Amino acid sequence: MDVKIGTFNLNNLFSRFDFQGVIDALHGAPAEDVSFHYEFTDPADVRIRTFHGRLVKAKDEADTRTIAERIKEMDVDVLAVQEVENIDILRKFNREHLDGMYATQVLIEGNDPRFIDVGILSNLPVGAISSYQTRVDPSDPAERVFSRDLLEVEILNASRSRKLFTLFNTHLKSNFVPFNEDQDTGHAAANERRRRQAAAIAQIIAERMRPRSSYVLTGDMNDGPDSPFLAPFVNDSEIALHNALTNPAETRPPKPESTGPGPQTTAWTHRFKPSGQPPKFELYDQIWLSPSLRDKQTGAMIGRRKNHKGDGSDHDPAWITLRL
C-alpha cells in the first residue's frame, strides 16, 4: 500500500473567540432543557488574548480557505500540522473547510504562550498518543525543553491489526526576537534552545524506538537540515535518520524574483527577505525517516506557493510517499 505523509505550518490557525464564564444554572440540567442568554457585563469573566502587547485575532477567513485548498490538493493520508490554537479549532477547520476530509484529529495543548500547538490529521486509524511537553533538559531541570511540544502518534493499518509507523511531530524554537531586545543575544539564546530541543528529540527517539522500528520525524524545525543546531538528531548515529526531502518535486515553479536570485534548489519551504538583501530560502519544514523506511520512499513533493509572501501561510507544505 502507498501512504502519503505531509507536514504544513498553518500559520496561526486561531479561532474568533476566547472567553470564560461561570454559568451555575447549567450545572446538572438536561441539555435539551437549557436555553440561556449570556451578557459580557463582568470584566472578570472575559479574557482578551494578547501576545507582546498585540491582540491575538482569528486567522483571516480568505487565508483559512486558501490553506484548506492547499491541503485538499495535497491529498495526503496523514498530515502533521503546526500553529493550531486547540483541538476544537482543528476539528472545526476539518469539518467546515476541509469538508470532513480527515476522520481523526489529534492535538494536545502544549507550552507555547501564544497558544500555537502541533497536531495530526489522519485518514488512517490512530493508536497510542504521547506528549513530551513536560520533558526537561538534564542541564536545566527547572525548565521544559520544548517551547511547544513533541507529539508521538501511532499510525495503524485500516483493520487496526498492526502498526504501520510512529509519527513524531514538532515545532522547534522560532528565530523571532522582539525588536525591543538585543538581537544578537536573542538569536544566540534561540539557537541554543533549538539545539537542546534537537538533542531531546534524539534521546526520546532512541528511548522509544528500536533499531528496526518504523518511524517518521516531521515538523517546522525553524532551521535548515544542515544547521549545527539540528545536528543532535540529524547526525545521531544511533537513530540514523534519513532526510526525505533532499530533492523534492514541486507542484509549480517558484515565482521569479525581482530583487535577487531565486532558489538554487527545490528543497525549500520558507522564504525570508531581509530588508535591503536578497531573499533567503530554507527547508524549515522537514520529514525524516527511520532506516527501516528509507528504501520504502517512492516520492517527495513541495506544494509551491503562488505568491512570494505565501498563500495563506508563510510556509509551503511538504509530503512524501511510502510504499509499505
# chains A, B, ... in the order shown; residues from 1 in each chain; ligands from 1
>>> residues_around(residues="region 211-220 of chain A", least_positions_apart="3", cutoff="8 Å", atoms="only C-alpha atoms", output="tab-separated table (two decimals) with C-alpha atoms, in the first residue's frame")
chain	number	residue	atom	x	y	z
A	7	THR	CA	3.69	18.48	7.11
A	8	PHE	CA	2.25	22.00	6.97
A	9	ASN	CA	2.61	25.04	9.23
A	80	ALA	CA	1.28	16.83	10.65
A	81	VAL	CA	0.25	20.43	11.32
A	82	GLN	CA	1.73	23.25	13.36
A	164	LEU	CA	2.44	0.93	10.16
A	165	PHE	CA	4.76	3.52	11.71
A	166	THR	CA	5.10	6.03	14.52
A	167	LEU	CA	4.87	9.73	13.64
A	168	PHE	CA	6.72	12.38	15.66
A	169	ASN	CA	5.56	15.95	15.05
A	170	THR	CA	7.23	19.04	16.50
A	171	HIS	CA	7.73	22.79	16.14
A	172	LEU	CA	11.13	23.95	17.32
A	238	GLU	CA	22.04	5.61	16.94
A	239	ILE	CA	18.84	6.70	15.19
A	284	TYR	CA	12.28	24.64	7.62
A	285	ASP	CA	9.53	22.04	7.19
A	286	GLN	CA	11.20	18.66	7.23
A	287	ILE	CA	10.47	14.94	7.02
A	288	TRP	CA	12.99	12.44	8.38
A	289	LEU	CA	12.73	8.67	8.02
A	290	SER	CA	14.00	5.81	10.14
A	291	PRO	CA	16.49	3.44	8.46
A	292	SER	CA	13.72	0.84	8.04
A	293	LEU	CA	11.64	3.28	5.94
>>> atom_distance(atom1="CA of Asp184 (chain A)", atom2="CA of Lys309 (chain A)")
25.4 Å
>>> residues_around(residues="region 92-94 of chain A", least_positions_apart="4", cutoff="12 Å", atoms="only C-alpha atoms", output="ChimeraX atom specification")
/A:10,13-16,59,61,64-69,71-72,79,84-88,98-106,120-123
>>> write_last_selection(atoms="N, CA and C atoms", output="short mmCIF file (atom, residue, chain, number, x, y, z; two decimals), in the first residue's frame")
data_model
loop_
_atom_site.label_atom_id
_atom_site.label_comp_id
_atom_site.auth_asym_id
_atom_site.auth_seq_id
_atom_site.Cartn_x
_atom_site.Cartn_y
_atom_site.Cartn_z
N LEU A 10 0.34 25.88 9.51
CA LEU A 10 -0.89 26.56 9.08
C LEU A 10 -0.91 28.04 9.43
N LEU A 13 -3.56 29.35 13.03
CA LEU A 13 -4.96 28.95 12.85
C LEU A 13 -5.66 29.14 14.19
N PHE A 14 -6.12 30.37 14.41
CA PHE A 14 -6.79 30.73 15.65
C PHE A 14 -8.29 30.82 15.44
N SER A 15 -9.04 30.63 16.53
CA SER A 15 -10.49 30.82 16.50
C SER A 15 -10.82 32.29 16.68
N ARG A 16 -12.10 32.61 16.53
CA ARG A 16 -12.53 34.01 16.61
C ARG A 16 -12.72 34.49 18.05
N LYS A 59 -7.63 33.80 12.45
CA LYS A 59 -7.00 33.77 11.13
C LYS A 59 -7.97 34.31 10.09
N GLU A 61 -10.31 34.82 7.12
CA GLU A 61 -11.14 33.80 6.50
C GLU A 61 -10.65 33.42 5.11
N THR A 64 -7.69 31.23 5.54
CA THR A 64 -8.12 29.92 6.02
C THR A 64 -8.62 29.07 4.86
N ARG A 65 -9.40 29.67 3.98
CA ARG A 65 -9.87 28.93 2.80
C ARG A 65 -8.70 28.53 1.91
N THR A 66 -7.71 29.40 1.81
CA THR A 66 -6.56 29.11 0.94
C THR A 66 -5.76 27.92 1.45
N ILE A 67 -5.47 27.89 2.76
CA ILE A 67 -4.71 26.75 3.27
C ILE A 67 -5.53 25.46 3.17
N ALA A 68 -6.84 25.58 3.29
CA ALA A 68 -7.69 24.40 3.13
C ALA A 68 -7.60 23.86 1.71
N GLU A 69 -7.61 24.74 0.74
CA GLU A 69 -7.49 24.29 -0.65
C GLU A 69 -6.13 23.66 -0.91
N ILE A 71 -4.37 22.03 1.27
CA ILE A 71 -4.40 20.70 1.90
C ILE A 71 -5.18 19.72 1.03
N LYS A 72 -6.29 20.17 0.46
CA LYS A 72 -7.07 19.30 -0.42
C LYS A 72 -6.24 18.88 -1.63
N LEU A 79 -1.38 14.03 7.91
CA LEU A 79 -0.81 15.36 7.82
C LEU A 79 -0.46 15.87 9.21
N VAL A 84 -1.67 25.60 15.47
CA VAL A 84 -3.12 25.47 15.62
C VAL A 84 -3.46 25.77 17.07
N GLU A 85 -4.51 26.54 17.28
CA GLU A 85 -4.81 27.02 18.64
C GLU A 85 -5.23 25.90 19.58
N ASN A 86 -6.14 25.03 19.16
CA ASN A 86 -6.62 23.98 20.04
C ASN A 86 -7.34 22.91 19.23
N ILE A 87 -7.75 21.84 19.89
CA ILE A 87 -8.39 20.73 19.19
C ILE A 87 -9.74 21.14 18.61
N ASP A 88 -10.45 22.05 19.28
CA ASP A 88 -11.75 22.47 18.76
C ASP A 88 -11.62 23.19 17.43
N LEU A 98 -12.38 21.69 5.31
CA LEU A 98 -11.90 20.51 4.58
C LEU A 98 -13.03 19.54 4.24
N ASP A 99 -14.25 19.93 4.58
CA ASP A 99 -15.43 19.09 4.28
C ASP A 99 -15.32 17.70 4.90
N GLY A 100 -14.76 17.65 6.13
CA GLY A 100 -14.63 16.37 6.83
C GLY A 100 -13.63 15.44 6.18
N MET A 101 -12.62 15.99 5.57
CA MET A 101 -11.64 15.20 4.80
C MET A 101 -10.92 14.16 5.65
N TYR A 102 -10.69 14.48 6.94
CA TYR A 102 -9.91 13.58 7.80
C TYR A 102 -10.78 13.01 8.91
N ALA A 103 -10.68 11.70 9.07
CA ALA A 103 -11.50 11.00 10.06
C ALA A 103 -11.06 11.28 11.49
N THR A 104 -9.76 11.54 11.68
CA THR A 104 -9.21 11.70 13.03
C THR A 104 -8.41 12.98 13.12
N GLN A 105 -8.64 13.72 14.21
CA GLN A 105 -7.87 14.91 14.50
C GLN A 105 -7.24 14.75 15.89
N VAL A 106 -5.96 15.03 15.99
CA VAL A 106 -5.23 14.86 17.25
C VAL A 106 -4.54 16.17 17.60
N ILE A 120 -2.28 16.46 14.44
CA ILE A 120 -2.28 15.46 13.37
C ILE A 120 -3.68 15.37 12.78
N LEU A 121 -3.75 15.30 11.46
CA LEU A 121 -4.97 14.94 10.74
C LEU A 121 -4.69 13.62 10.04
N SER A 122 -5.56 12.64 10.21
CA SER A 122 -5.26 11.31 9.67
C SER A 122 -6.51 10.62 9.14
N ASN A 123 -6.36 9.96 8.01
CA ASN A 123 -7.39 9.08 7.50
C ASN A 123 -7.06 7.62 7.76
#
>>> closest_residue(among="A:Ala142, A:Ala206, A:Leu156, A:Ala199", to="Val78 (chain A)", atoms="only C-alpha atoms")
A:Leu156
>>> atom_distance(atom1="CA of Glu282 (chain A)", atom2="CA of Pro225 (chain A)")
8.9 Å
>>> residues_around(residues="Arg196 (chain A)", least_positions_apart="5", cutoff="10 Å", atoms="only C-alpha atoms", output="ChimeraX atom specification")
/A:136-137,139,145-146,172-173,190-191,201-202,229-230,232
>>> write_last_selection(atoms="N, CA, C and O atoms", output="PDB file, in the first residue's frame")
ATOM      1  N   VAL A 136      12.282  17.722  30.276  1.00  0.00           N
ATOM      2  CA  VAL A 136      13.249  18.748  30.668  1.00  0.00           C
ATOM      3  C   VAL A 136      14.633  18.357  30.191  1.00  0.00           C
ATOM      4  O   VAL A 136      14.924  17.186  29.931  1.00  0.00           O
ATOM      5  N   ASP A 137      15.482  19.354  30.056  1.00  0.00           N
ATOM      6  CA  ASP A 137      16.886  19.129  29.753  1.00  0.00           C
ATOM      7  C   ASP A 137      17.592  18.837  31.082  1.00  0.00           C
ATOM      8  O   ASP A 137      17.441  19.598  32.041  1.00  0.00           O
ATOM      9  N   SER A 139      20.426  19.399  32.046  1.00  0.00           N
ATOM     10  CA  SER A 139      21.263  20.516  32.483  1.00  0.00           C
ATOM     11  C   SER A 139      20.447  21.665  33.061  1.00  0.00           C
ATOM     12  O   SER A 139      20.998  22.569  33.687  1.00  0.00           O
ATOM     13  N   VAL A 145      11.998  21.657  28.083  1.00  0.00           N
ATOM     14  CA  VAL A 145      12.890  21.873  26.955  1.00  0.00           C
ATOM     15  C   VAL A 145      12.122  22.282  25.704  1.00  0.00           C
ATOM     16  O   VAL A 145      12.621  23.085  24.898  1.00  0.00           O
ATOM     17  N   PHE A 146      10.898  21.774  25.508  1.00  0.00           N
ATOM     18  CA  PHE A 146      10.151  22.091  24.297  1.00  0.00           C
ATOM     19  C   PHE A 146       9.309  23.347  24.504  1.00  0.00           C
ATOM     20  O   PHE A 146       8.482  23.409  25.410  1.00  0.00           O
ATOM     21  N   LEU A 172      10.012  23.517  16.500  1.00  0.00           N
ATOM     22  CA  LEU A 172      11.130  23.951  17.318  1.00  0.00           C
ATOM     23  C   LEU A 172      11.170  25.468  17.489  1.00  0.00           C
ATOM     24  O   LEU A 172      10.444  26.209  16.843  1.00  0.00           O
ATOM     25  N   LYS A 173      12.041  25.904  18.364  1.00  0.00           N
ATOM     26  CA  LYS A 173      12.137  27.310  18.766  1.00  0.00           C
ATOM     27  C   LYS A 173      12.284  28.245  17.564  1.00  0.00           C
ATOM     28  O   LYS A 173      13.115  28.037  16.696  1.00  0.00           O
ATOM     29  N   ALA A 190      18.016  31.633  21.189  1.00  0.00           N
ATOM     30  CA  ALA A 190      17.078  30.817  20.416  1.00  0.00           C
ATOM     31  C   ALA A 190      17.781  29.630  19.775  1.00  0.00           C
ATOM     32  O   ALA A 190      17.260  28.502  19.764  1.00  0.00           O
ATOM     33  N   ASN A 191      18.967  29.860  19.236  1.00  0.00           N
ATOM     34  CA  ASN A 191      19.728  28.772  18.615  1.00  0.00           C
ATOM     35  C   ASN A 191      20.099  27.695  19.633  1.00  0.00           C
ATOM     36  O   ASN A 191      20.015  26.495  19.350  1.00  0.00           O
ATOM     37  N   ILE A 201      14.987  15.403  21.203  1.00  0.00           N
ATOM     38  CA  ILE A 201      14.313  14.571  20.199  1.00  0.00           C
ATOM     39  C   ILE A 201      15.119  13.307  19.940  1.00  0.00           C
ATOM     40  O   ILE A 201      14.572  12.195  19.905  1.00  0.00           O
ATOM     41  N   ALA A 202      16.423  13.461  19.746  1.00  0.00           N
ATOM     42  CA  ALA A 202      17.274  12.293  19.504  1.00  0.00           C
ATOM     43  C   ALA A 202      17.204  11.317  20.671  1.00  0.00           C
ATOM     44  O   ALA A 202      17.122  10.093  20.470  1.00  0.00           O
ATOM     45  N   PHE A 229      22.609  23.509  14.767  1.00  0.00           N
ATOM     46  CA  PHE A 229      21.689  23.464  15.902  1.00  0.00           C
ATOM     47  C   PHE A 229      20.694  22.311  15.791  1.00  0.00           C
ATOM     48  O   PHE A 229      20.026  21.968  16.770  1.00  0.00           O
ATOM     49  N   LEU A 230      20.596  21.693  14.611  1.00  0.00           N
ATOM     50  CA  LEU A 230      19.805  20.478  14.455  1.00  0.00           C
ATOM     51  C   LEU A 230      20.679  19.227  14.455  1.00  0.00           C
ATOM     52  O   LEU A 230      20.158  18.113  14.417  1.00  0.00           O
ATOM     53  N   PRO A 232      22.180  17.502  16.665  1.00  0.00           N
ATOM     54  CA  PRO A 232      21.977  16.416  17.629  1.00  0.00           C
ATOM     55  C   PRO A 232      21.063  15.300  17.143  1.00  0.00           C
ATOM     56  O   PRO A 232      21.281  14.137  17.503  1.00  0.00           O
TER      57      PRO A 232
END
